[in-house]
Amino acid sequence: MNIKIISLLPGAFEPILNSSMLLKAQTLNLFSYELIDLRQYGIGSRHQVDDTPYGGGDGMLLKPEPIIRAIEAAKQNNEDALTILPTPRGKIYKQSEAKHLASLNKNLIIVCPRYEGYDERITAWIDQSYCIGNYVLTGGELPALIIIDSVVRLIPGVLGGAQSAEIESFQSDDITKEFPQYTRPEEFKGMKVPEVLLSGHHGQIQAWRKANQID
Ligand code: ADE
């Protein structure tokens with residue numbers, strides 16, 4: 001899967017995308033990404049990307065022309081790619097959406113808005129808008145990283161055990177969440193690992209985990 005990210009802050013992505021599982025996914029050729037600096041598609045010598053809203057109001061809106069030019073560039077030889085817009089006005093993003101995106105076998109183009117918003121006409125170029133939670137962020141970069149992380153880890157071969165993603169919590173949207181886990185030492189500052197986890201009793205351990213799932 002290739003993911004192109006259109007952003008005014010392209011430098012914000014590399015530390016996360018080039019670490020841990022997302023790095024491993026790249027080295028296994030399961031995932032690649034490309035950063036597209038929206039500023040390069042800005043208008044005039046000052047590379048303008050935003051303007052004041054018609055009808056008045058505070059703040060600046062992202063203009064349509066730079067974003068559409070960037071999307072069209074990202075679509076070159078990549079026509080099938082799904083364009084995604086993180087926005088508080090989008091569909092609530094859940095595990096089921098991550099699974100859906102991972103199963104499509106399509107490349108993604110994620111457009112990250114900044115400032116106070118964007119010209120509504122850009123949505124004609126967007127296949128899916130997502131809201132990652134009921135709060136407002138300053139831009140689409142963090143939602144884009146959340147979407148990428150949650151999708152790439154579901155690509156077969158990215159996580160260690162073939163089933164790691166399957167057995168984890170939040171597998172479907174409405175049910176089981178994670179159970180508490182422990183590693184060495186057996187006792188830390190007076191706090192002991194629950195006895196049952198040391199017992200080697202698979203059945204009892206399963207029952208304890210089920211009973212201790214958080215909901
Ligand atoms: N941009 C700003 N806030 C957002 C949110 N909660 N979800 C997606 N995109 C956003």
# chains A, B, ... in the order shown; residues from 1 in each chain; ligands from 1
>>> residues_near_ligand(ligand="ligand 1", cutoff="10 Å", atoms="only C-alpha atoms and all ligand atoms", output="PyMOL selection string")
chain A and resi 85-93+112-117+129-144+146-147
>>> residues_around(residues="A:Asp149", least_positions_apart="2", cutoff="10 Å", atoms="only C-alpha atoms", output="PyMOL selection string")
chain A and resi 16-17+21-22+98+143-147+151-154
>>> write_last_selection(atoms="C-alpha atoms", output="CSV table (one decimal), in the first residue's frame")
chain,number,residue,atom,x,y,z
A,16,ILE,CA,6.5,8.4,13.3
A,17,LEU,CA,6.4,6.8,9.9
A,21,MET,CA,6.2,-1.2,12.9
A,22,LEU,CA,5.6,1.5,10.2
A,98,ALA,CA,-9.3,0.8,9.5
A,143,PRO,CA,-5.6,12.3,12.3
A,144,ALA,CA,-3.6,11.3,9.2
A,145,LEU,CA,-1.0,9.6,11.3
A,146,ILE,CA,-3.7,7.8,13.3
A,147,ILE,CA,-5.4,6.6,10.2
A,151,VAL,CA,-4.5,0.7,8.7
A,152,VAL,CA,-0.8,-0.3,8.1
A,153,ARG,CA,-0.7,-2.5,11.2
A,154,LEU,CA,-3.6,-4.5,9.7
>>> select_by_dssp(residues="stretch 3-213 of chain A", states="strand (DSSP E or B)", output="JSON, numbers by chain")
{"A": [3, 4, 5, 6, 7, 32, 33, 34, 35, 36, 37, 43, 48, 50, 51, 61, 62, 82, 83, 84, 85, 86, 87, 88, 89, 90, 91, 92, 108, 109, 110, 111, 118, 128, 129, 130, 131, 187, 188, 191, 192]}
>>> atom_distance(atom1="atom CA of A:Thr183", atom2="atom CA of A:Ile214")
19.0 Å
>>> select_by_dssp(residues="stretch 35-204 of chain A", states="alpha helix (DSSP H)", output="PyMOL selection string")
chain A and resi 64-75+95-103+141-152+164-167+195-198+202-204
>>> atom_distance(atom1="atom CA of A:Arg69", atom2="atom CA of A:Tyr118")
14.6 Å
